[in-house]
$ cat entry17.txt   # compact mmCIF, C-alpha atoms
# COMPACT_ATOMS: atom_id res chain seq x y z
CA MET O 1 -1.15 41.10 -32.16
CA ILE O 2 2.56 41.22 -31.39
CA LYS O 3 2.10 38.31 -29.00
CA ARG O 4 0.43 36.30 -31.78
CA ILE O 5 3.32 36.93 -34.15
CA ILE O 6 5.86 35.93 -31.49
CA GLY O 7 3.83 32.77 -30.78
CA TRP O 8 3.71 31.93 -34.50
CA PHE O 9 7.50 32.30 -34.81
CA HIS O 10 8.00 30.27 -31.66
CA GLY O 11 5.79 27.50 -33.02
CA LEU O 12 7.60 27.57 -36.35
CA PHE O 13 11.00 26.85 -34.83
CA LYS O 14 9.92 24.75 -31.87
CA LYS O 15 10.93 21.12 -32.03
CA LYS O 16 7.96 18.84 -32.60
CA LYS O 17 7.02 17.04 -29.38
CA GLN O 18 7.84 13.35 -29.38
CA LEU O 19 4.91 11.24 -28.21
CA ASN O 20 5.41 9.06 -25.13
CA LEU O 21 3.91 5.58 -25.05
CA GLY O 22 3.87 4.04 -21.57
CA ILE O 23 3.71 0.29 -20.98
CA TYR O 24 1.86 -0.39 -17.75
CA GLY O 25 0.71 -3.49 -15.89
CA SER O 26 1.21 -5.73 -12.88
CA PRO O 27 4.59 -7.35 -12.18
CA ASN O 28 5.41 -10.28 -14.49
CA ALA O 29 2.63 -9.39 -16.96
CA GLY O 30 5.20 -9.26 -19.80
CA LYS O 31 5.80 -5.52 -20.13
CA THR O 32 9.56 -5.73 -20.61
CA THR O 33 9.23 -8.74 -22.92
CA LEU O 34 6.96 -6.67 -25.18
CA ALA O 35 9.19 -3.57 -24.90
CA ASN O 36 12.23 -5.68 -25.79
CA ARG O 37 10.50 -7.17 -28.81
CA MET O 38 9.48 -3.72 -30.08
CA CYS O 39 12.92 -2.24 -29.43
CA VAL O 40 14.79 -5.11 -31.09
CA GLU O 41 12.43 -4.99 -34.05
CA PHE O 42 12.61 -1.22 -34.60
CA LEU O 43 15.86 -0.11 -32.91
CA GLY O 44 18.00 -3.23 -33.01
CA GLU O 45 18.64 -3.31 -29.25
CA PRO O 46 16.62 -4.54 -26.26
CA MET O 47 15.05 -2.37 -23.57
CA GLY O 48 15.95 -4.20 -20.34
CA ALA O 49 16.46 -7.47 -18.48
CA VAL O 50 13.67 -10.02 -18.12
CA SER O 51 13.39 -12.34 -15.11
CA PRO O 52 10.90 -14.75 -13.55
CA ILE O 53 11.38 -12.89 -10.25
CA PRO O 54 8.69 -10.21 -9.89
CA HIS O 55 9.71 -6.53 -9.99
CA GLU O 56 12.76 -7.08 -12.19
CA THR O 57 12.14 -3.62 -13.73
CA ARG O 58 12.30 -1.22 -10.80
CA THR O 59 12.95 2.06 -12.59
CA VAL O 60 11.28 3.58 -15.66
CA GLN O 61 13.16 2.43 -18.77
CA LYS O 62 13.00 4.74 -21.76
CA LYS O 63 13.95 4.38 -25.41
CA ASP O 64 13.69 7.48 -27.55
CA ASN O 65 12.71 7.68 -31.21
CA VAL O 66 11.32 4.20 -31.68
CA THR O 67 10.03 4.32 -35.25
CA VAL O 68 7.30 1.82 -36.04
CA LYS O 69 6.86 1.27 -39.77
CA LEU O 70 3.42 0.15 -40.79
CA ARG O 71 1.88 -0.35 -44.17
CA GLY O 72 1.23 3.17 -45.41
CA CYS O 73 2.54 5.11 -42.39
CA THR O 74 5.46 5.62 -40.04
CA LEU O 75 5.09 6.35 -36.35
CA SER O 76 7.87 7.70 -34.18
CA MET O 77 7.60 7.69 -30.39
CA ASN O 78 9.40 7.37 -27.07
CA LEU O 79 8.76 4.02 -25.45
CA LEU O 80 8.56 3.91 -21.63
CA ASP O 81 8.70 0.52 -19.91
CA MET O 82 7.23 1.04 -16.45
CA PRO O 83 7.97 -0.91 -13.27
CA GLY O 84 5.21 -3.36 -12.40
CA ILE O 85 2.47 -1.77 -10.33
CA ALA O 86 1.45 -3.54 -7.13
CA VAL O 87 -0.47 -2.38 -4.07
CA LYS O 88 1.61 -4.59 -1.78
CA VAL O 89 5.33 -5.37 -2.02
CA ASP O 90 6.46 -8.08 0.38
CA TYR O 91 10.17 -8.91 0.47
CA ARG O 92 9.30 -12.46 1.56
CA ASP O 93 7.91 -13.10 -1.93
CA PHE O 94 11.46 -12.82 -3.30
CA LEU O 95 12.93 -15.27 -0.78
CA GLU O 96 11.34 -18.24 -2.56
CA TYR O 97 13.40 -17.38 -5.65
CA GLY O 98 16.61 -17.87 -3.67
CA VAL O 99 17.23 -14.19 -3.00
CA GLY O 100 18.84 -13.48 0.40
CA LYS O 101 16.85 -11.58 3.04
CA GLU O 102 18.90 -8.39 2.84
CA GLU O 103 18.80 -8.36 -0.96
CA ALA O 104 15.07 -9.12 -0.89
CA GLN O 105 14.40 -6.17 1.43
CA LYS O 106 16.46 -3.89 -0.82
CA ARG O 107 14.57 -5.18 -3.84
CA ALA O 108 11.22 -4.53 -2.10
CA ARG O 109 12.24 -0.96 -1.33
CA GLU O 110 13.35 -0.33 -4.92
CA ALA O 111 10.21 -2.00 -6.29
CA THR O 112 8.00 0.25 -4.15
CA LYS O 113 9.95 3.27 -5.37
CA GLY O 114 9.32 1.99 -8.90
CA VAL O 115 5.56 1.79 -8.28
CA VAL O 116 5.57 5.41 -7.10
CA GLU O 117 7.63 6.44 -10.15
CA ALA O 118 5.28 4.60 -12.53
CA VAL O 119 2.21 6.29 -11.02
CA ARG O 120 3.85 9.71 -11.23
CA HIS O 121 4.80 9.09 -14.88
CA MET O 122 1.12 8.89 -15.80
CA ASP O 123 1.26 12.66 -16.18
CA LYS O 124 3.96 12.30 -18.84
CA VAL O 125 2.54 9.67 -21.19
CA ASP O 126 0.40 10.49 -24.24
CA ALA O 127 -0.97 6.97 -24.58
CA ALA O 128 -0.59 3.67 -22.75
CA LEU O 129 -0.59 -0.04 -23.30
CA PHE O 130 -2.02 -1.84 -20.31
CA ILE O 131 -0.65 -5.38 -20.23
CA ILE O 132 -2.68 -8.10 -18.52
CA ASP O 133 -1.46 -11.65 -18.03
CA ALA O 134 -4.20 -13.69 -19.77
CA THR O 135 -3.42 -16.71 -17.60
CA GLU O 136 -4.31 -14.81 -14.42
CA ASP O 137 -7.55 -13.45 -12.95
CA PRO O 138 -8.03 -9.98 -14.53
CA TYR O 139 -10.27 -8.68 -11.74
CA THR O 140 -7.45 -7.33 -9.59
CA GLN O 141 -7.26 -4.11 -7.63
CA VAL O 142 -4.26 -2.95 -9.67
CA ASN O 143 -5.92 -3.57 -13.06
CA ILE O 144 -9.15 -1.83 -12.11
CA THR O 145 -7.44 1.09 -10.33
CA ILE O 146 -4.86 1.83 -13.00
CA LEU O 147 -7.33 1.62 -15.88
CA GLY O 148 -9.73 3.87 -13.97
CA ASN O 149 -6.86 6.23 -13.27
CA MET O 150 -5.95 6.45 -16.96
CA GLU O 151 -9.55 7.10 -17.87
CA ALA O 152 -9.75 9.88 -15.27
CA ARG O 153 -6.64 11.46 -16.80
CA ASN O 154 -7.93 11.04 -20.38
CA ILE O 155 -4.98 8.88 -21.39
CA PRO O 156 -5.79 6.80 -24.51
CA VAL O 157 -5.21 3.17 -23.57
CA VAL O 158 -5.13 -0.20 -25.29
CA VAL O 159 -5.78 -3.24 -23.08
CA VAL O 160 -3.36 -5.98 -24.12
CA ALA O 161 -3.99 -9.58 -23.08
CA ASN O 162 -0.53 -11.16 -23.09
CA LYS O 163 0.78 -14.74 -22.92
CA ILE O 164 -1.83 -16.14 -25.33
CA ASP O 165 0.73 -18.79 -26.35
CA LEU O 166 0.21 -20.48 -22.96
CA PRO O 167 -2.45 -23.22 -22.80
CA ASN O 168 -4.21 -21.77 -19.74
CA ALA O 169 -4.61 -18.30 -21.28
CA ASN O 170 -8.22 -17.09 -21.15
CA ILE O 171 -8.62 -14.23 -23.63
CA SER O 172 -12.40 -13.90 -23.37
CA ARG O 173 -12.20 -13.51 -19.58
CA VAL O 174 -9.90 -10.48 -19.98
CA ARG O 175 -12.03 -9.04 -22.79
CA GLU O 176 -15.21 -9.39 -20.69
CA ALA O 177 -13.53 -7.82 -17.65
CA PHE O 178 -12.76 -4.59 -19.54
CA PRO O 179 -15.37 -4.31 -22.29
CA GLY O 180 -15.13 -0.56 -22.90
CA TYR O 181 -11.51 -0.53 -24.00
CA ASP O 182 -9.66 -1.15 -27.26
CA PHE O 183 -8.42 -4.70 -26.89
CA VAL O 184 -5.67 -6.78 -28.48
CA GLU O 185 -4.51 -10.26 -27.51
CA ILE O 186 -0.83 -10.98 -28.13
CA SER O 187 2.11 -13.13 -27.21
CA ALA O 188 5.09 -10.88 -26.52
CA MET O 189 7.19 -14.02 -26.27
CA THR O 190 6.38 -15.41 -29.74
CA GLY O 191 5.38 -12.13 -31.43
CA GLU O 192 1.91 -13.40 -32.26
CA ASN O 193 -0.59 -10.67 -33.26
CA LEU O 194 1.94 -7.84 -32.78
CA PRO O 195 1.17 -6.15 -36.16
CA ARG O 196 -2.41 -5.67 -34.95
CA LEU O 197 -1.10 -4.12 -31.73
CA TYR O 198 1.04 -1.69 -33.75
CA ARG O 199 -2.02 -0.63 -35.74
CA GLU O 200 -3.89 0.04 -32.49
CA ILE O 201 -0.94 2.09 -31.18
CA SER O 202 -0.93 4.05 -34.41
CA ASN O 203 -4.64 4.78 -34.03
CA LYS O 204 -4.16 5.96 -30.45
CA LEU O 205 -1.15 8.19 -31.07
CA SER O 206 -2.14 9.70 -34.41
CA MET G 1 5.28 2.59 64.47
CA HIS G 2 5.42 2.12 68.25
CA LYS G 3 8.22 0.26 70.03
CA CYS G 4 8.41 -0.87 73.61
CA ALA G 5 10.74 1.47 75.55
CA ARG G 6 12.08 -1.45 77.67
CA CYS G 7 12.50 -4.46 75.31
CA GLY G 8 12.32 -2.69 71.90
CA ARG G 9 9.56 -4.93 70.55
CA GLU G 10 7.50 -3.44 67.70
CA ILE G 11 3.81 -3.59 68.45
CA GLN G 12 1.53 -5.00 65.78
CA LYS G 13 -1.86 -3.77 67.01
CA LEU G 14 -2.89 -0.45 68.57
CA GLU G 15 -4.71 -2.32 71.39
CA GLU G 16 -1.29 -3.42 72.73
CA VAL G 17 -0.50 0.23 73.54
CA SER G 18 -3.38 0.34 76.06
CA SER G 19 -2.92 -3.23 77.39
CA GLY G 20 0.88 -2.95 77.64
CA CYS G 21 3.85 -4.93 76.33
CA PRO G 22 4.21 -8.66 77.30
CA CYS G 23 7.44 -7.63 79.13
CA GLY G 24 5.29 -5.63 81.59
CA SER G 25 6.27 -2.18 80.37
CA LYS G 26 3.57 0.36 79.48
CA THR G 27 5.94 2.89 77.94
CA PHE G 28 6.22 3.08 74.16
CA VAL G 29 8.29 5.13 71.69
CA PHE G 30 6.99 6.20 68.23
CA ASP G 31 9.60 5.57 65.44
CA ARG G 32 8.94 7.95 62.50
CA GLU G 33 11.40 6.31 60.03
CA VAL G 34 9.88 2.86 60.33
CA ALA G 35 6.39 4.36 60.07
CA ALA G 36 7.34 6.13 56.79
CA LYS G 37 8.68 2.86 55.27
CA VAL G 38 5.53 0.99 56.13
CA ALA G 39 3.36 3.74 54.64
CA GLU G 40 5.36 3.65 51.36
CA ALA G 41 5.08 -0.11 51.14
CA ALA G 42 1.33 0.14 51.62
CA ALA G 43 1.03 2.78 48.85
CA THR G 44 2.85 0.62 46.22
CA PRO G 45 1.38 -2.86 46.10
CA PRO G 46 4.03 -5.57 46.38
CA LEU G 47 4.81 -7.42 43.14
CA GLU G 48 6.79 -10.29 44.54
CA ILE G 49 6.53 -11.72 48.03
CA PRO G 50 8.73 -14.65 49.01
CA SER G 51 6.61 -17.54 50.14
CA GLY G 52 6.78 -21.27 50.86
CA LYS G 53 10.33 -22.38 51.68
CA ASN G 54 11.53 -18.80 52.11
CA SER G 55 8.68 -17.76 54.36
CA GLU G 56 11.05 -17.45 57.30
CA ALA G 57 13.29 -15.03 55.44
CA PRO G 58 12.61 -11.31 55.99
CA LEU G 59 10.02 -9.95 53.61
CA HIS G 60 11.43 -7.83 50.76
CA VAL G 61 8.89 -5.66 49.04
CA ILE G 62 9.81 -4.95 45.37
CA ALA G 63 8.41 -1.71 44.05
CA PRO G 64 7.39 -1.53 40.31
CA SER G 65 10.14 1.01 39.61
CA GLU G 66 12.77 -1.50 40.79
CA VAL G 67 11.47 -4.12 38.34
CA LEU G 68 11.59 -1.68 35.42
CA MET G 69 15.11 -0.57 36.31
CA GLU G 70 16.24 -4.16 36.36
CA LYS G 71 14.69 -4.78 32.92
CA ALA G 72 16.11 -1.63 31.39
CA GLY G 73 19.58 -2.68 32.47
CA ALA G 74 21.97 -1.28 35.01
CA GLU G 75 23.62 1.06 32.51
CA ALA G 76 20.40 2.69 31.42
CA ALA G 77 19.31 3.02 35.03
CA GLN G 78 22.53 4.83 35.91
CA ILE G 79 22.20 7.35 33.06
CA ALA G 80 18.53 8.20 33.36
CA PRO G 81 16.77 6.15 35.98
CA SER G 82 13.46 7.99 35.61
CA VAL G 83 13.16 8.02 31.75
CA SER G 84 12.55 4.33 31.34
CA PHE G 85 9.87 4.35 34.00
CA ALA G 86 8.18 7.41 32.46
CA GLU G 87 8.16 5.78 29.03
CA LYS G 88 6.78 2.54 30.32
CA LYS G 89 4.12 4.41 32.23
CA ALA G 90 3.18 6.49 29.16
CA GLU G 91 2.94 3.33 27.08
CA ALA G 92 0.84 1.66 29.75
CA ASP G 93 -1.46 4.70 29.70
CA GLY G 94 -1.92 4.26 25.95
CA LYS G 95 0.33 7.16 24.94
CA ALA G 96 3.39 7.03 22.69
CA PRO G 97 6.54 8.15 24.50
CA ASN G 98 8.48 10.93 22.76
CA SER G 99 11.50 8.70 22.28
CA TYR G 100 9.45 6.53 19.89
CA PHE G 101 9.20 9.46 17.50
CA ALA G 102 12.80 10.45 18.07
CA ARG G 103 14.11 7.13 16.79
CA ALA G 104 11.62 6.93 13.89
CA THR G 105 12.53 9.56 11.33
CA PHE G 106 12.36 9.80 7.54
CA THR G 107 15.55 9.75 5.48
CA SER G 108 16.13 10.32 1.78
CA GLU G 109 16.42 6.54 1.38
CA ASP G 110 12.87 5.94 2.62
CA VAL G 111 10.23 5.13 0.04
CA GLU G 112 7.35 5.13 2.50
CA ASN G 113 5.61 8.30 3.63
CA ILE G 114 3.82 6.64 6.56
CA LYS G 115 5.68 4.59 9.16
CA ILE G 116 4.20 2.39 11.84
CA VAL G 117 6.27 3.42 14.86
CA THR G 118 4.62 0.90 17.12
CA GLU G 119 1.17 -0.62 17.37
CA GLY G 120 -1.31 2.22 16.89
CA VAL G 121 1.37 4.90 16.50
CA PHE G 122 2.15 6.32 13.05
CA LEU G 123 4.66 8.81 11.71
CA VAL G 124 3.57 10.73 8.59
CA ASP G 125 5.82 12.52 6.09
CA VAL G 126 3.37 15.21 5.05
CA ASN G 127 5.71 16.76 2.50
CA ALA G 128 6.17 13.48 0.61
CA LEU G 129 2.45 12.75 0.81
CA SER G 130 1.70 15.90 -1.17
CA LYS G 131 3.75 14.60 -4.12
CA ASN G 132 3.54 10.83 -4.03
CA PRO G 133 0.93 8.11 -3.54
CA VAL G 134 0.40 6.91 0.02
CA VAL G 135 3.09 4.34 0.82
CA LEU G 136 2.96 2.60 4.18
CA LYS G 137 5.62 0.29 5.58
CA ASP G 138 4.66 -2.08 8.37
CA ASP G 139 6.76 -3.62 11.13
CA ASP G 140 7.62 -6.64 8.97
CA GLY G 141 9.06 -4.46 6.18
CA VAL G 142 6.10 -4.98 3.85
CA TYR G 143 5.10 -1.99 1.71
CA PHE G 144 1.50 -1.02 0.93
CA VAL G 145 0.70 1.47 -1.83
CA LYS G 146 -2.54 3.39 -2.34
CA ILE G 147 -2.78 4.50 -5.94
CA PRO G 148 -4.47 7.90 -6.28
CA PHE G 149 -6.94 8.84 -9.00
CA GLY G 150 -6.01 11.55 -11.49
CA ALA G 151 -9.38 13.19 -11.04
CA GLU G 152 -8.69 13.70 -7.31
CA GLU G 153 -5.49 15.54 -8.16
CA GLU G 154 -7.27 17.79 -10.64
CA ILE G 155 -9.83 18.70 -8.02
CA SER G 156 -7.15 19.50 -5.45
CA LYS G 157 -5.43 22.03 -7.73
CA PRO G 158 -6.40 25.58 -6.78
CA VAL G 159 -8.28 27.54 -9.43
CA ILE G 160 -6.96 31.06 -9.88
CA ASP G 161 -8.73 33.93 -11.60
CA LYS G 162 -7.02 35.40 -14.63
CA PRO G 163 -7.12 39.16 -15.17
CA ASN G 164 -9.05 38.75 -18.43
CA GLY G 165 -11.90 37.01 -16.66
CA GLY G 166 -10.95 33.43 -17.56
CA LYS G 167 -9.89 30.78 -15.11
CA GLU G 168 -6.95 28.41 -15.10
CA LYS G 169 -5.73 25.62 -12.88
CA LYS G 170 -2.47 26.24 -11.13
CA ASP G 171 0.13 23.43 -11.38
$ encode --input "entry17.txt" --output "structure tokens"
Amino acid sequence: MIKRIIGWFHGLFKKKKQLNLGIYGSPNAGKTTLANRMCVEFLGEPMGAVSPIPHETRTVQKKDNVTVKLRGCTLSMNLLDMPGIAVKVDYRDFLEYGVGKEEAQKRAREATKGVVEAVRHMDKVDAALFIIDATEDPYTQVNITILGNMEARNIPVVVVANKIDLPNANISRVREAFPGYDFVEISAMTGENLPRLYREISNKLS
Amino acid sequence: MHKCARCGREIQKLEEVSSGCPCGSKTFVFDREVAAKVAEAAATPPLEIPSGKNSEAPLHVIAPSEVLMEKAGAEAAQIAPSVSFAEKKAEADGKAPNSYFARATFTSEDVENIKIVTEGVFLVDVNALSKNPVVLKDDDGVYFVKIPFGAEEEISKPVIDKPNGGKEKKD
């Protein structure tokens, strides 16, 4: 009985837990572009740097108290932009972007560290957006493994087909690849369909 | 090895001992040192035998250990002449010499928890493997990551009995 009373008091004064929304996906899927758009829209400042070179985000980027205002409700959360997940990181891939060998090897090491960090952060997120480049083949080892991993951990996830502004985007191919998931097609670059994505996030987190 | 006691000629065949030396002498002396050298040369097959133009030059039998010493460098041979040979032999036998593991260690900077020391020889950081996904780095510096499933982790957690009869998973 005494324990119950102490627990009730503890709950009364305990700070309400802020929900963590993780943005996952392969390198160059558009995770940071989406995170930047959300942060600029709701916080007034971007999340991180964007680059055509893969693995630009190599550590978990976090923005606290991102408040998304929707018609009829307000949703506050911590936004986590994850490093791109890959099963193979080859420094030679960076050389073709003009990066020197030593810098490329350092980048590969940091990128691999980022992959490990992103996987370990799965235990800390309450919901996830899984970004897939709609111009690429969705049947990749990373896409299938990470989505399966989230399902195994009971993490609510929204599959987001990004880059729909590009002419070679194939939305139906992504939708057919992952039929059991909540699905939204967007363009993080132009902002197309983002209100619908926010509604899906609200449904997942509330 | 037998030598003629009069002219000093080394005999090539045992039959010469009974028939006598071409100089007419039938007395021979057995030289133990020369016999030992010949036996050693026979035990280690020659790697390089001068031939052709140099056929008139005295034969120089090169033992395998001499070749390895030459490759390892004079300095290394002076410090530990037998180590290099032992390592090469171990490698030839399909075993990884201890020095391979000595030079391949994990530091705090390393992301990988499995290293390829040499072909077919791996070094595993067991402590890091218990916390992180499997990360392997190959000879070319390419990283490979195996992403684990959450369900596997849940299964691996030990279940402990609570005093009140319930069960909980230990983190």
$ closest_atom_pairs --input "entry17.txt" --of "chain G" --to "chain O" --cutoff "8 Å" --atoms "only C-alpha atoms" --output "Markdown table"
| residue | atom | partner | partner_atom | distance |
| --- | --- | --- | --- | --- |
| G:Asp110 | CA | O:Arg109 | CA | 8.0 |
| G:Val111 | CA | O:Lys113 | CA | 5.7 |
| G:Asn132 | CA | O:Val116 | CA | 6.6 |
| G:Pro133 | CA | O:Val116 | CA | 6.4 |
| G:Gly141 | CA | O:Asp90 | CA | 7.3 |
| G:Val142 | CA | O:Asp90 | CA | 4.7 |
| G:Tyr143 | CA | O:Val89 | CA | 5.0 |
| G:Phe144 | CA | O:Lys88 | CA | 4.5 |
| G:Val145 | CA | O:Val87 | CA | 4.6 |
| G:Lys146 | CA | O:Val87 | CA | 6.4 |
| G:Ile147 | CA | O:Thr145 | CA | 7.3 |
| G:Pro148 | CA | O:Asn149 | CA | 7.6 |
| G:Phe149 | CA | O:Asn149 | CA | 5.0 |
| G:Gly150 | CA | O:Arg153 | CA | 5.3 |
| G:Ala151 | CA | O:Ala152 | CA | 5.4 |
$ atom_distance --input "entry17.txt" --atom1 "CA of Ser51 in chain O" --atom2 "CA of Ile186 in chain O"
19.3 Å
$ axis_aligned_box --input "entry17.txt" --around "range 121-128 of chain O" --padding-each-side "6 Å" --output "AutoDock Vina command-line options"
--center_x 1.9 --center_y 8.2 --center_z -19.7 --size_x 17.8 --size_y 21.0 --size_z 21.7
$ residues_around --input "entry17.txt" --residues "range 33-41 of chain O" --least-positions-apart "5" --cutoff "10 Å" --atoms "all atoms listed in the file" --output "count of residues only"
30
$ residues_near_point --input "entry17.txt" --point "(-6.8, 6.2, -28.6)" --cutoff "9 Å" --atoms "only C-alpha atoms" --output "NGL selection string"
:O and (127-128 or 155-158 or 182 or 200-206)
$ atom_distance --input "entry17.txt" --atom1 "CA of Arg175 in chain O" --atom2 "CA of Val160 in chain O"
9.3 Å
$ atom_distance --input "entry17.txt" --atom1 "CA of Ile132 in chain O" --atom2 "CA of Gly25 in chain O"
6.3 Å
$ residues_around --input "entry17.txt" --residues "Phe178 in chain O" --least-positions-apart "6" --cutoff "10 Å" --atoms "only C-alpha atoms" --output "list in words"
Pro138, Tyr139, Asn143, Ile144, Leu147 and Val159 of chain O
